[in-house]
Amino acid sequence: MARISAGVATSHVPAIGAALDLGKSREDYWAPVFAGYDFSKQWIADEKPDVIFLVYNDHASAFDLKMIPTFAIGCGERYGIADEGWGARPVPDVIGHPDLAWHIAHSVILEGFDLTIINEMDVDHGLTVPLSLMFGQPDAWPCTVIPFAVNVVIYPQPSGRRCFELGRAIRRAVDSFDEDLNVQIWGTGGMSHQLQGPRAGLINRDFDTAFLDRLVKDPDSLADIPLVEYMREAGSEGVELIMWLIMRGALDAEVLERHRFYHVPASNTAVGHLILENKESRSNS
Amino acid sequence: MALDKPYGDIPGTTIFDSMKARQGYHLNQFFHSLMKDENRNRFLADENAYLDEWPISSEQRQAVLDRDYNRVIELGGNVYFFAKLFFTDEQSFEIGAAQMTGMEPAEYRRMMLSGGRPAAGNRYTKEKNDGQN
């Protein structure tokens with residue numbers, strides 16, 4: 001049976017990808033950011049996931065304003081790398097897992113989550129920067145990836161509660177897939193940041209710390225934070241944190257926190273990172 | 001009946017909501033077109049001629065030509081869309097953000113390195129009317 005063994009949360013700041021691609025990762029400004037992922041690179045080399053279910057948001061790359069899906073699952077075989085305005089990042093194409101992706105789509109749609117199905121699209125920094133942070137610069141990504149895009153660009157975004165419950169439905173879907181697969185779920189984006197207007201540069205370390213603590217220990221109550229509170233407290237783009245709730249919803253009620261990292265700044269943003277291991281499904285495997 | 005918009009009192013912040021998406025549709029589609037190298041080159045070669053191809057208002061057009069991003073936001077632009085213009089201009093997101101705050105890039109970077117703009121005093125317009133640090 002497929003099982004979700006662990007969850008990873010990480011910011012996906014585009015400047016982090018640019019720093020890596022341009023060979024700046026050892027500069028004083030960037031070195032502390034990458035050092036926060038040293039443990040994670042070793043951890044994931046040991047964990048060897050077969051599939052990553054990667055929750056991210058598209059930043060006006062694959063989805064312009066012609067079509068704006070609230071939740072979209074990538075069921076394709078392969079995804080190219082988007083040119084976001086400065087040329088495509090020099091990273092490998094992303095290989096999908098269509099069988100598991102379609103299985104999850106089928107299962108969660110029947111549970112009432114009306115997903116959009118994507119077979120062809122390019123993926124942007126929201127998806128590739130987390131892969132780079134966790135895997136470095138390989139010639140090919142070491143596992144398959146199911147992209148799962150959430151609208152966090154246009155208000156109203158889906159509520160935190162809806163995201164958390166969707167995570168739970170994704171968990172049930174993965175658990176019912178017959179093939180023996182080690183699946184991780186990643187939630188990306190955040191933490192506090194505001195990229196626009198006179199209030200740009202807002203960082204709220206207290207909010208971020210409380211969010212990390214509650215995500216680990218009390219995610220059910222965290223899911224009730226209204227969207228406006230993210231915007232007010234964590235910046236207009238801090239609302240991306242709802243994507244972490246999808247990840248958390250797919251994990252056991254009790255998880256083991258293996259790693260935590262928090263750093264300010266990366267460009268305009270607070271970088272947050274967690275590795276959470278499922279206790280129950282790991283012991284059953 | 002009016003829609004619930006509980007975010008109007010966040011200082012220095014325009015939430016890109018349904019009405020903004022309606023207002024900024026063509027403007028944002030113009031920005032999105034700059035994802036293609038060929039379009040970036042055509043735009044940079046003759047900005048006015050390229051903008052002629054898009055059904056945007058004269059105010060939107062002027063805001064683009066002026067690189068006045070706070071005005072772009074006011075007229076329905078979204079940051080992830082107009083970031084394509086930052087990159088077309090070979091400018092970083094950090095510098096683009098600094099410009100919208102009215103700070104010099106070096107001053108903005110110092111603020112970020114010292115922990116960013118604090119939330120205290122910047123949550124409600126009644127606390128702070130201009131969103132400035």
# chains A, B, ... in the order shown; residues from 1 in each chain; ligands from 1
>>> closest_atom_pairs(of="chain A", to="chain B", cutoff="7 Å", atoms="only C-alpha atoms", output="Markdown table")
| residue | atom | partner | partner_atom | distance |
| --- | --- | --- | --- | --- |
| A:His59 | CA | B:Tyr80 | CA | 5.6 |
| A:Ala60 | CA | B:Phe81 | CA | 5.8 |
| A:Asp64 | CA | B:His32 | CA | 6.7 |
| A:Leu65 | CA | B:Tyr25 | CA | 6.7 |
| A:Asp83 | CA | B:Met35 | CA | 5.9 |
| A:Glu84 | CA | B:Met35 | CA | 5.4 |
| A:Gly85 | CA | B:Met35 | CA | 4.6 |
| A:Trp86 | CA | B:Phe87 | CA | 5.7 |
| A:Ile154 | CA | B:Asp17 | CA | 5.4 |
| A:Tyr155 | CA | B:Asp17 | CA | 4.3 |
| A:Pro156 | CA | B:Asp17 | CA | 6.6 |
| A:Leu195 | CA | B:Ala97 | CA | 5.8 |
| A:Gln196 | CA | B:Ala97 | CA | 6.0 |
| A:Gly197 | CA | B:Met100 | CA | 5.2 |
| A:Pro198 | CA | B:Thr101 | CA | 4.0 |
| A:Arg199 | CA | B:Gly12 | CA | 4.8 |
| A:Ala200 | CA | B:Ala97 | CA | 6.1 |
| A:Gly201 | CA | B:Arg117 | CA | 5.4 |
| A:Leu202 | CA | B:Arg117 | CA | 4.3 |
| A:Ile203 | CA | B:Gly116 | CA | 5.1 |
| A:Asn204 | CA | B:Ala119 | CA | 5.8 |
| A:Val228 | CA | B:Tyr7 | CA | 6.0 |
| A:Arg232 | CA | B:Arg123 | CA | 5.6 |
| A:Glu233 | CA | B:Ala119 | CA | 6.5 |
| A:Ser236 | CA | B:Ile15 | CA | 6.9 |
| A:Val264 | CA | B:Gly115 | CA | 6.0 |
| A:Pro265 | CA | B:Met112 | CA | 5.9 |
| A:Ser267 | CA | B:Glu94 | CA | 5.5 |
| A:Asn268 | CA | B:Glu94 | CA | 6.1 |
>>> write_last_selection(atoms="N, CA and C atoms", output="compact mmCIF listing (two decimals), in the first residue's frame")
# COMPACT_ATOMS: atom_id res chain seq x y z
N HIS A 59 2.64 31.42 -9.81
CA HIS A 59 2.73 32.88 -9.68
C HIS A 59 2.51 33.53 -11.03
N ALA A 60 1.29 33.45 -11.53
CA ALA A 60 0.98 34.05 -12.84
C ALA A 60 1.93 33.50 -13.91
N ASP A 64 -2.52 32.40 -16.12
CA ASP A 64 -2.70 33.85 -16.13
C ASP A 64 -4.14 34.12 -15.70
N LEU A 65 -4.71 35.25 -16.08
CA LEU A 65 -6.08 35.51 -15.64
C LEU A 65 -7.12 34.86 -16.55
N ASP A 83 9.47 30.00 -17.93
CA ASP A 83 10.24 31.25 -18.05
C ASP A 83 9.41 32.34 -17.39
N GLU A 84 9.86 32.82 -16.23
CA GLU A 84 9.07 33.78 -15.46
C GLU A 84 9.44 35.22 -15.75
N GLY A 85 10.24 35.41 -16.78
CA GLY A 85 10.59 36.79 -17.14
C GLY A 85 12.09 36.99 -17.23
N TRP A 86 12.87 36.02 -16.75
CA TRP A 86 14.33 36.14 -16.85
C TRP A 86 14.93 34.88 -17.46
N ILE A 154 -5.50 35.43 -5.87
CA ILE A 154 -6.71 36.25 -5.95
C ILE A 154 -7.62 35.94 -4.77
N TYR A 155 -8.02 37.01 -4.07
CA TYR A 155 -8.98 36.86 -2.97
C TYR A 155 -10.38 36.74 -3.56
N PRO A 156 -11.22 35.81 -3.06
CA PRO A 156 -10.97 34.92 -1.94
C PRO A 156 -10.24 33.62 -2.32
N LEU A 195 4.83 41.72 -0.54
CA LEU A 195 5.65 42.09 -1.70
C LEU A 195 5.20 43.37 -2.36
N GLN A 196 4.10 43.94 -1.91
CA GLN A 196 3.50 45.03 -2.67
C GLN A 196 3.05 46.18 -1.79
N GLY A 197 3.06 47.37 -2.40
CA GLY A 197 2.51 48.55 -1.75
C GLY A 197 3.44 49.13 -0.70
N PRO A 198 3.03 50.24 -0.09
CA PRO A 198 3.86 50.93 0.90
C PRO A 198 4.20 50.07 2.13
N ARG A 199 3.42 49.01 2.41
CA ARG A 199 3.70 48.17 3.58
C ARG A 199 4.63 47.00 3.24
N ALA A 200 5.15 46.95 2.00
CA ALA A 200 6.05 45.86 1.61
C ALA A 200 7.19 45.71 2.61
N GLY A 201 7.61 44.47 2.81
CA GLY A 201 8.70 44.20 3.74
C GLY A 201 8.23 43.81 5.13
N LEU A 202 6.91 43.71 5.31
CA LEU A 202 6.39 43.33 6.63
C LEU A 202 6.85 41.91 6.99
N ILE A 203 7.36 41.77 8.19
CA ILE A 203 7.75 40.45 8.72
C ILE A 203 7.22 40.37 10.14
N ASN A 204 6.60 39.24 10.47
CA ASN A 204 6.03 39.08 11.81
C ASN A 204 6.54 37.77 12.42
N VAL A 228 -8.23 37.01 6.41
CA VAL A 228 -7.83 38.40 6.68
C VAL A 228 -6.78 38.48 7.77
N ARG A 232 -3.34 40.55 7.47
CA ARG A 232 -3.05 41.63 8.41
C ARG A 232 -1.77 41.34 9.19
N GLU A 233 -1.64 40.11 9.68
CA GLU A 233 -0.55 39.76 10.59
C GLU A 233 0.72 39.33 9.87
N SER A 236 0.32 40.61 2.98
CA SER A 236 -0.68 40.22 1.98
C SER A 236 -0.31 38.90 1.31
N VAL A 264 15.32 35.32 8.66
CA VAL A 264 14.92 36.58 8.01
C VAL A 264 16.20 37.31 7.62
N PRO A 265 16.32 37.82 6.40
CA PRO A 265 15.36 37.75 5.30
C PRO A 265 15.91 36.91 4.14
N SER A 267 15.43 38.08 0.42
CA SER A 267 14.81 39.12 -0.37
C SER A 267 13.78 39.85 0.50
N ASN A 268 12.48 39.64 0.27
CA ASN A 268 11.44 40.35 1.03
C ASN A 268 10.76 39.48 2.09
>>> residues_around(residues="Val145 (chain A)", least_positions_apart="5", cutoff="7 Å", atoms="only C-alpha atoms", output="JSON, numbers by chain")
{"A": [51, 52, 53, 54, 94, 95, 96, 97]}
>>> select_by_dssp(residues="chain B", states="alpha helix (DSSP H)", output="PyMOL selection string")
chain B and resi 18-23+25-33+37-45+47-51+58-66+69-74+79-88+93-101+105-113
>>> decode(residues="region 57-117 of chain B", atoms="C-alpha atoms", output="short mmCIF file (atom, residue, chain, number, x, y, z; two decimals), in the first residue's frame")
data_model
loop_
_atom_site.label_atom_id
_atom_site.label_comp_id
_atom_site.auth_asym_id
_atom_site.auth_seq_id
_atom_site.Cartn_x
_atom_site.Cartn_y
_atom_site.Cartn_z
CA SER B 57 -6.87 52.45 -20.20
CA SER B 58 -4.71 55.52 -20.74
CA GLU B 59 -4.13 55.68 -16.96
CA GLN B 60 -2.94 52.09 -16.90
CA ARG B 61 -0.70 52.72 -19.86
CA GLN B 62 0.89 55.77 -18.23
CA ALA B 63 1.48 53.89 -14.97
CA VAL B 64 3.34 51.19 -16.93
CA LEU B 65 5.44 53.71 -18.84
CA ASP B 66 6.24 55.50 -15.54
CA ARG B 67 6.98 52.20 -13.73
CA ASP B 68 4.73 53.63 -11.03
CA TYR B 69 3.85 50.36 -9.33
CA ASN B 70 1.67 51.77 -6.58
CA ARG B 71 -0.45 53.35 -9.31
CA VAL B 72 -0.39 50.04 -11.23
CA ILE B 73 -1.82 48.36 -8.11
CA GLU B 74 -4.48 51.04 -7.77
CA LEU B 75 -5.50 50.38 -11.38
CA GLY B 76 -5.88 46.63 -10.95
CA GLY B 77 -2.34 45.31 -11.41
CA ASN B 78 -1.22 42.29 -9.40
CA VAL B 79 2.32 41.97 -8.09
CA TYR B 80 2.96 38.50 -9.55
CA PHE B 81 1.95 39.81 -12.96
CA PHE B 82 3.87 43.10 -12.89
CA ALA B 83 6.93 41.32 -11.48
CA LYS B 84 7.40 40.15 -15.09
CA LEU B 85 8.13 43.81 -15.85
CA PHE B 86 10.67 44.00 -12.99
CA PHE B 87 12.50 41.11 -14.63
CA THR B 88 12.11 42.52 -18.14
CA ASP B 89 13.82 45.64 -16.77
CA GLU B 90 16.47 43.34 -15.22
CA GLN B 91 15.50 44.57 -11.79
CA SER B 92 15.18 42.34 -8.71
CA PHE B 93 11.96 41.79 -6.80
CA GLU B 94 13.66 43.35 -3.78
CA ILE B 95 14.31 46.60 -5.62
CA GLY B 96 10.79 46.59 -7.02
CA ALA B 97 9.36 46.17 -3.52
CA ALA B 98 11.63 48.90 -2.15
CA GLN B 99 10.36 51.30 -4.79
CA MET B 100 6.75 50.79 -3.68
CA THR B 101 7.67 51.64 -0.09
CA GLY B 102 9.32 54.89 -1.13
CA MET B 103 12.60 53.77 0.45
CA GLU B 104 16.02 53.71 -1.16
CA PRO B 105 17.09 50.14 -2.02
CA ALA B 106 19.96 50.20 0.49
CA GLU B 107 17.67 51.50 3.23
CA TYR B 108 15.06 48.84 2.41
CA ARG B 109 17.69 46.09 2.53
CA ARG B 110 18.87 47.34 5.92
CA MET B 111 15.30 47.17 7.20
CA MET B 112 14.96 43.59 5.93
CA LEU B 113 18.32 42.56 7.41
CA SER B 114 17.23 43.94 10.77
CA GLY B 115 14.09 41.80 10.79
CA GLY B 116 11.76 43.53 8.35
CA ARG B 117 8.96 46.03 8.80
#
